[in-house]
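K.L.:
This structure is in structure tokens; I'll ask about it shortly.
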Amino acid sequence: MKKIFLITLILGVIILNAETKTNNTSFFFVKKIDAQNLKTVTFQGIPFEVQPEGNAYKNLAAGVYVVGKPADKLFFLGMTAEKPECSEWWGSAERLYDNTKRLFIGDKVGQINIVFDDNTQEIFPLLFGVNIWNYELLNPLKPGETLTTYFGYHPEPFASDTNAAKLLEDSLVLMTNDERKDFKYIFALDFSGKTVREISLVPDSSKVMGFRVTGITGLKPGNNLKTNSWESTDKSFYLKRKYFPAMDKLARRLYQFDDELPEKLAPDSPENYSGPKVKFNGCGSANIFANVYMYNLNDIMKNKVDEDGMMHTSSKNAPTFGSYVGCGTFRNGAGSYYSHIWTRDVGRSVIEAQFGGARDRAANAANKALEIYLYDPSTRYKQPNWKRIANASTLNNSNLWESVSGKENDGHGTMMLFVYHVARTGGLSPEWLKENWKTINDAAEWICWQMENPKESHFNGVLHSETEASTQKYGEYDLFSNTMACYGLRALARVAEQTNHKKEAERWSQKADELWAGIIKTFTTEHPRYGTIFVDDANDCWTYEYKRFAPLMLSPDVFGYDLAKINPELYKICENTYKAQKEDFFNYASGRQMGYGQAFITQTAILLDESKDMAGYLEKAGAFCYHHTEHNYIVPEGVICHPSGRFWFRNGDLGNSIQQAEIVKCGRLLLGIDDMESEAGLKIIPRLPEGWNSIEVEDYPVLSDGESTTVNMSYTKENDGYRLKLTSALPIKINEMRFGQFPADTKELIADGKEVKLFKVGENIFGYINGQNKPVTSINIFCRM
């Protein structure tokens with residue numbers, strides 16, 4: 001590419017596209033015989049005839065053009081991808097192994113076939129990042145252009161990193177014009193005077209993006225023009241793949257490759273980090289995920305919940321990676337949803353912030369959620385409820401307000417869960433709850449009202465929701481939203497019980513029981529090999545349908561971290577569902593949505609104690625957040641992974657609230673420090689993925705018998721057993737400690753003279769030691785066969 005391109009890109013200097021004196025007798029134009037109203041334009045001293053079409057110019061791709069003239073060179077004007085999208089919007093494409101809407105550097109989008117008069121042919125591949133490039137995602141529109149840009153262009157890293165810009169310049173074998181899409185690039189081919197019979201421009205059927213060519217010009221043999229300034233290639237350039245070294249360097253700058261992930265990484269926490277400090281050891285992926293946990297928990301505690309309790313779905317000025325259709329480039333300072341309070345998102349974020357120690361911010365957020373946003377008006381219902389976007393009425397967008405005013409039962413349920421966690425840790429004092437009980441009552445009664453008014457709510461044994469999880473506009477009955485609502489109602493029933501609102505506690509518990517019965521009736525079926533499994537509506541925009549694991553994934557937020565012991569019957573259904581899921585779609589790389597995909601299935605594997613699978617999922621979860629150069633560790637909204645699994649690029653809102661918080665929750669579940677029933681003492685349920693040898697945490701906040709303190713813990717695999725060490729700033733009660741996993745044929749476990757009870761989970765044995773609820777400040781136990 002011309003050196004001048006680098007200067008233009010960095011400094012914005014417009015010096016290409018100047019008309020130059022050209023001897024048009026040295027050139028000939030290639031066009032359709034019946035082409036009319038042609039216009040001559042000249043770039044780089046090369047004239048082209050183009051055909052206006054509306055406010056753009058006609059695309060010649062997918063056409064055959066008769067030439068019948070000898071040529072030293074052929075020039076092709078345009079050379080951009082026809083469609084702006086380089087990746088598909090959310091949907092089921094990845095689960096269906098459909099990569100037709102994904103465009104990676106090196107992908108073939110078409111070819112140019114040149115047939116000569118001697119009945120020979122040369123075929124030139126059109127390769128993304130070599131002789132075809134994107135326009136809309138990387139350039140501001142020129143005057144008069146009305147193209148779809150998806151909320152603005154995404155020029156980084158090329159706009160501010162001169163080294164990255166140089167890699168792009170080296171990879172593209174195109175001459176660049178500071179022009180509109182129709183005239184952006186010129187591609188030149190050498191032929192040494194051979195007579196060209198015809199030219200075919202052929203899009204590749206494996207990719208839907210297509211390519212754009214608006215003009216074709218030939219250079220006649222015997223001309224006296226100085227052509228050294230025209231960058232061109234010939235057949236051998238593609239046959240020998242001479243483009244590959246430069247193209248590979250570009251791809252490795254923009255994408256993250258699996259073979260460039262670090263094999264070992266030191267613990268790294270953000271500056272002024274106040275959350276739990278973790279170390280995950282044993283392999284590079286464990287090291288990466290430890291840093292991912294700390295960086296994202298920090299981002300949640302500082303940027304998703306303000307000191308005054310204001311909640312945000314995006315961090316302020318967070319970059320966006322091509323919106324939802326990008327190619328790996330990004331735009332800084334976007335903060336896509338910073339002003340929005342998406343309830344499904346912020347509810348989970350505040351829960352994780354509260355577990356991480358940001359309890360004052362969480363308490364202030366609960367105040368705002370209950371006193372203000374529960375009563376933010378809906379365009380459809382007068383009953384108080386948390387809409388999809390809780391502050392929608394304040395965003396000066398009436399269409400958005402109307403579209404999110406349906407029954408967002410998953411978001412409402414998540415908000416109930418977050419309020420419960422703030423209340424149980426003392427963030428909502430008994431005095432506050434007494435004075436503001438109406439807000440708690442109104443939140444719970446929204447679910448009860450739907451159940452008691454089926455004509456208006458469409459309740460039919462289960463709730464009807466208009467949410468992302470259930471086709472949005474007209475809604476559907478879905479397991480995910482119903483589980484969120486059911487568990488949230490149970491959680492507020494506990495708040496009622498603990499504050500002596502016996503009548504409400506009984507009513508809400510009964511309604512939760514009724515709703516759960518409907519869930520089991522509606523959303524379970526019999527699998528021919530595995531028995532009873534969960535099913536869910538599959539007509540939403542989430543890719544993988546992992547939302548059918550909601551009864552398992554949400555159980556730690558209400559019941560505790562060890563569902564196999566707490567509710568064996570429910571655990572069995574979830575275990576059966578996982579086996580069925582692996583026949584439907586099974587891939588450790590499930591990051592099209594990092595929360596609804598990668599995190600949901602990772603949490604599922606963790607809670608089912610599938611140690612091999614949890615290692616595979618966690619490896620990808622960390623890898624998808626890692627980048628060698630910029631914005632490292634922060635969870636992207638999603639990733640676009642090459643079908644080979646060798647590399648990927650980030651997609652969407654960096655640090656998007658729910659995607660980020662669900663990944664952080666995975667780290668919390670690994671640690672397994674369960675204070676859900678603090679009066680009965682802590683339960684320690686740590687989990688080690690296969691290939692990891694230890695997990696460590698310092699300053700983890702816990703509630704023990706109503707008192708807040710912190711603990712340090714390490715859990716290490718040693719020879720034929722596991723060692724648990726724990727120290728506490730204050731004496732804490734220990735209810736139960738779990739060790740394992742051990743082989744299925746294990747008959748006895750010993751632990752420093754303590755009684756160890758064996759319990760089978762799946763195909764493995766775990767050992768349980770009763771802590772007898774005795775206050776302690778330190779533990780050091782080795783449990784082995």
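Each chain in the structure tokens gets a letter, A, B and so on, in the order shown; residues start at 1 in every chain, and ligands are counted from 1 in the order they appear.
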If we count only C-alpha atoms, what is near stretch 559-565 of chain A at a cut-off of 7 Å, once residues fewer than 6 positions away on the same chain are taken out, given as a PyMOL selection string?

P.N.:
chain A and resi 571+672+674+676+685+761

K.L.:
Mind the document's chain letters and residue numbers, and return as a count of residues only the residues of stretch 342-437 of chain A that DSSP labels alpha helix (DSSP H).

P.N.:
56

K.L.:
Could you list, as a list in words, every residue within 7 Å of stretch 765-770 of chain A, counting only C-alpha atoms and ignoring same-chain residues fewer than 5 positions away?

P.N.:
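In the requested format, the answer is Asn735, Glu736, Met737, Arg738, Phe739, Gly740, Gln741, Phe742, Pro743, Ala744, Thr746, Leu749, Glu755, Val756, Lys757, Leu758, Phe759 and Lys760 of chain A.
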
K.L.:
For the residues in the current selection, export N, CA and C atoms as an mmCIF file, in the first residue's frame.

P.N.:
```cif
data_model
loop_
_atom_site.group_PDB
_atom_site.id
_atom_site.type_symbol
_atom_site.label_atom_id
_atom_site.label_comp_id
_atom_site.auth_asym_id
_atom_site.auth_seq_id
_atom_site.Cartn_x
_atom_site.Cartn_y
_atom_site.Cartn_z
ATOM 1 N N ASN A 735 -19.621 -24.493 59.720
ATOM 2 C CA ASN A 735 -20.680 -25.498 59.657
ATOM 3 C C ASN A 735 -20.160 -26.791 59.042
ATOM 4 N N GLU A 736 -19.535 -26.663 57.856
ATOM 5 C CA GLU A 736 -19.174 -27.852 57.098
ATOM 6 C C GLU A 736 -18.044 -27.528 56.144
ATOM 7 N N MET A 737 -17.178 -28.515 55.917
ATOM 8 C CA MET A 737 -16.081 -28.379 54.954
ATOM 9 C C MET A 737 -16.099 -29.584 54.020
ATOM 10 N N ARG A 738 -15.913 -29.321 52.735
ATOM 11 C CA ARG A 738 -15.944 -30.393 51.747
ATOM 12 C C ARG A 738 -14.565 -30.573 51.130
ATOM 13 N N PHE A 739 -14.171 -31.835 50.937
ATOM 14 C CA PHE A 739 -12.879 -32.158 50.330
ATOM 15 C C PHE A 739 -13.107 -33.103 49.144
ATOM 16 N N GLY A 740 -12.310 -32.936 48.124
ATOM 17 C CA GLY A 740 -12.416 -33.836 46.979
ATOM 18 C C GLY A 740 -12.208 -33.070 45.689
ATOM 19 N N GLN A 741 -12.228 -33.844 44.598
ATOM 20 C CA GLN A 741 -12.968 -35.102 44.473
ATOM 21 C C GLN A 741 -12.025 -36.313 44.511
ATOM 22 N N PHE A 742 -12.608 -37.456 44.966
ATOM 23 C CA PHE A 742 -11.882 -38.715 45.082
ATOM 24 C C PHE A 742 -12.541 -39.753 44.173
ATOM 25 N N PRO A 743 -11.809 -40.802 43.812
ATOM 26 C CA PRO A 743 -12.370 -41.831 42.917
ATOM 27 C C PRO A 743 -13.657 -42.444 43.460
ATOM 28 N N ALA A 744 -14.484 -42.933 42.529
ATOM 29 C CA ALA A 744 -15.799 -43.471 42.898
ATOM 30 C C ALA A 744 -15.708 -44.686 43.805
ATOM 31 N N THR A 746 -13.701 -45.063 46.324
ATOM 32 C CA THR A 746 -13.154 -44.706 47.633
ATOM 33 C C THR A 746 -14.078 -45.198 48.748
ATOM 34 N N LEU A 749 -11.938 -42.083 54.008
ATOM 35 C CA LEU A 749 -11.073 -40.917 53.973
ATOM 36 C C LEU A 749 -10.656 -40.580 55.396
ATOM 37 N N GLU A 755 -13.732 -37.035 61.881
ATOM 38 C CA GLU A 755 -14.667 -37.909 61.174
ATOM 39 C C GLU A 755 -14.970 -37.330 59.794
ATOM 40 N N VAL A 756 -14.848 -38.165 58.770
ATOM 41 C CA VAL A 756 -15.114 -37.748 57.396
ATOM 42 C C VAL A 756 -16.257 -38.596 56.847
ATOM 43 N N LYS A 757 -17.324 -37.943 56.456
ATOM 44 C CA LYS A 757 -18.454 -38.641 55.855
ATOM 45 C C LYS A 757 -18.327 -38.579 54.341
ATOM 46 N N LEU A 758 -18.546 -39.723 53.697
ATOM 47 C CA LEU A 758 -18.440 -39.805 52.242
ATOM 48 C C LEU A 758 -19.784 -39.524 51.595
ATOM 49 N N PHE A 759 -19.735 -38.786 50.474
ATOM 50 C CA PHE A 759 -20.962 -38.440 49.750
ATOM 51 C C PHE A 759 -20.649 -38.501 48.261
ATOM 52 N N LYS A 760 -21.449 -39.214 47.514
ATOM 53 C CA LYS A 760 -21.210 -39.363 46.077
ATOM 54 C C LYS A 760 -21.913 -38.252 45.311
#
```

K.L.:
Kindly give the distance, in Å, that separates atom CA of A:Thr710 and atom CA of A:Thr777, rounded to a single decimal.

P.N.:
10.7 Å

K.L.:
Do you know which residues are at most 10 Å from A:Asn436 counting only C-alpha atoms, after dropping those on the same chain fewer than 4 positions away, and could you put them as a PyMOL selection string?

P.N.:
chain A and resi 367+370-371+428+430-432+440-441

K.L.:
Taking the DSSP secondary structure from the backbone, can you list the residues of stretch 626-771 of chain A that are strand (DSSP E), as an NGL selection string?

P.N.:
:A and (638-641 or 647-653 or 673-674 or 682-684 or 694-704 or 707-718 or 721-742 or 757-761 or 764-770)

K.L.:
Residues at most 12 Å from A:Gln472, counting only C-alpha atoms, excluding those fewer than 3 positions away in the same chain, as a list in words?

P.N.:
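So the residues in contact are Arg388, Glu402, Ser403, Val404, Ser405, Gly406, Lys407, Glu408, Asn409, Asp410, His464, Ser465, Glu466, Thr467, Glu468, Ala469, Gly475, Glu476, Tyr477, Asp478, Ser481, Asn539, Asp540, Cys541 and Trp542 of chain A.
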
K.L.:
Quick one: everything within 9 Å of A:Phe600, counting only C-alpha atoms, minus sequence neighbours fewer than 3 positions away in the same chain. Send it as a list in words.

P.N.:
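Result of the neighbour search: Tyr546, Lys547, Phe549, Ala550, Met553, Met594, Gly595, Tyr596, Gly597, Gln603, Thr604, Ala605, Glu662, Ile663 and Cys666 of chain A.
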
K.L.:
May I have the residues from that selection written out with N, CA, C and O atoms, as a compact mmCIF listing (two decimals), in the first residue's frame?

P.N.:
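Written output follows (selection.txt):
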```
# COMPACT_ATOMS: atom_id res chain seq x y z
N TYR A 546 -28.25 -22.15 27.04
CA TYR A 546 -27.80 -22.58 28.36
C TYR A 546 -28.70 -22.04 29.47
O TYR A 546 -28.56 -22.43 30.64
N LYS A 547 -29.61 -21.15 29.13
CA LYS A 547 -30.50 -20.60 30.15
C LYS A 547 -31.40 -21.66 30.78
O LYS A 547 -31.97 -21.41 31.84
N PHE A 549 -30.38 -24.00 32.38
CA PHE A 549 -29.72 -24.38 33.62
C PHE A 549 -29.99 -23.38 34.74
O PHE A 549 -29.35 -23.44 35.79
N ALA A 550 -30.94 -22.47 34.53
CA ALA A 550 -31.23 -21.45 35.54
C ALA A 550 -31.52 -22.04 36.92
O ALA A 550 -31.03 -21.50 37.92
N MET A 553 -27.96 -22.71 38.22
CA MET A 553 -27.07 -21.56 38.29
C MET A 553 -27.48 -20.58 39.38
O MET A 553 -26.63 -19.94 40.01
N MET A 594 -20.63 -13.60 26.58
CA MET A 594 -19.75 -14.08 27.64
C MET A 594 -20.50 -14.42 28.91
O MET A 594 -20.05 -15.27 29.69
N GLY A 595 -21.64 -13.79 29.14
CA GLY A 595 -22.45 -14.13 30.31
C GLY A 595 -23.42 -15.23 30.02
O GLY A 595 -23.38 -16.31 30.61
N TYR A 596 -24.33 -14.99 29.07
CA TYR A 596 -25.38 -15.95 28.74
C TYR A 596 -24.82 -17.23 28.12
O TYR A 596 -25.50 -18.25 28.08
N GLY A 597 -23.59 -17.15 27.62
CA GLY A 597 -22.96 -18.31 27.02
C GLY A 597 -21.87 -18.89 27.89
O GLY A 597 -22.07 -19.82 28.65
N GLN A 603 -20.56 -21.99 34.97
CA GLN A 603 -21.20 -22.14 36.28
C GLN A 603 -21.86 -23.51 36.39
O GLN A 603 -21.81 -24.16 37.45
N THR A 604 -22.47 -23.95 35.33
CA THR A 604 -23.13 -25.26 35.32
C THR A 604 -22.12 -26.37 35.60
O THR A 604 -22.35 -27.24 36.44
N ALA A 605 -21.00 -26.36 34.89
CA ALA A 605 -19.96 -27.38 35.09
C ALA A 605 -19.39 -27.32 36.50
O ALA A 605 -19.11 -28.35 37.12
N GLU A 662 -21.37 -12.25 35.48
CA GLU A 662 -21.54 -13.71 35.48
C GLU A 662 -20.18 -14.42 35.41
O GLU A 662 -20.01 -15.49 35.99
N ILE A 663 -19.20 -13.83 34.74
CA ILE A 663 -17.85 -14.39 34.74
C ILE A 663 -17.24 -14.28 36.13
O ILE A 663 -16.60 -15.22 36.64
N CYS A 666 -18.33 -16.95 38.44
CA CYS A 666 -17.62 -18.23 38.29
C CYS A 666 -16.46 -18.32 39.28
O CYS A 666 -16.23 -19.38 39.89
```
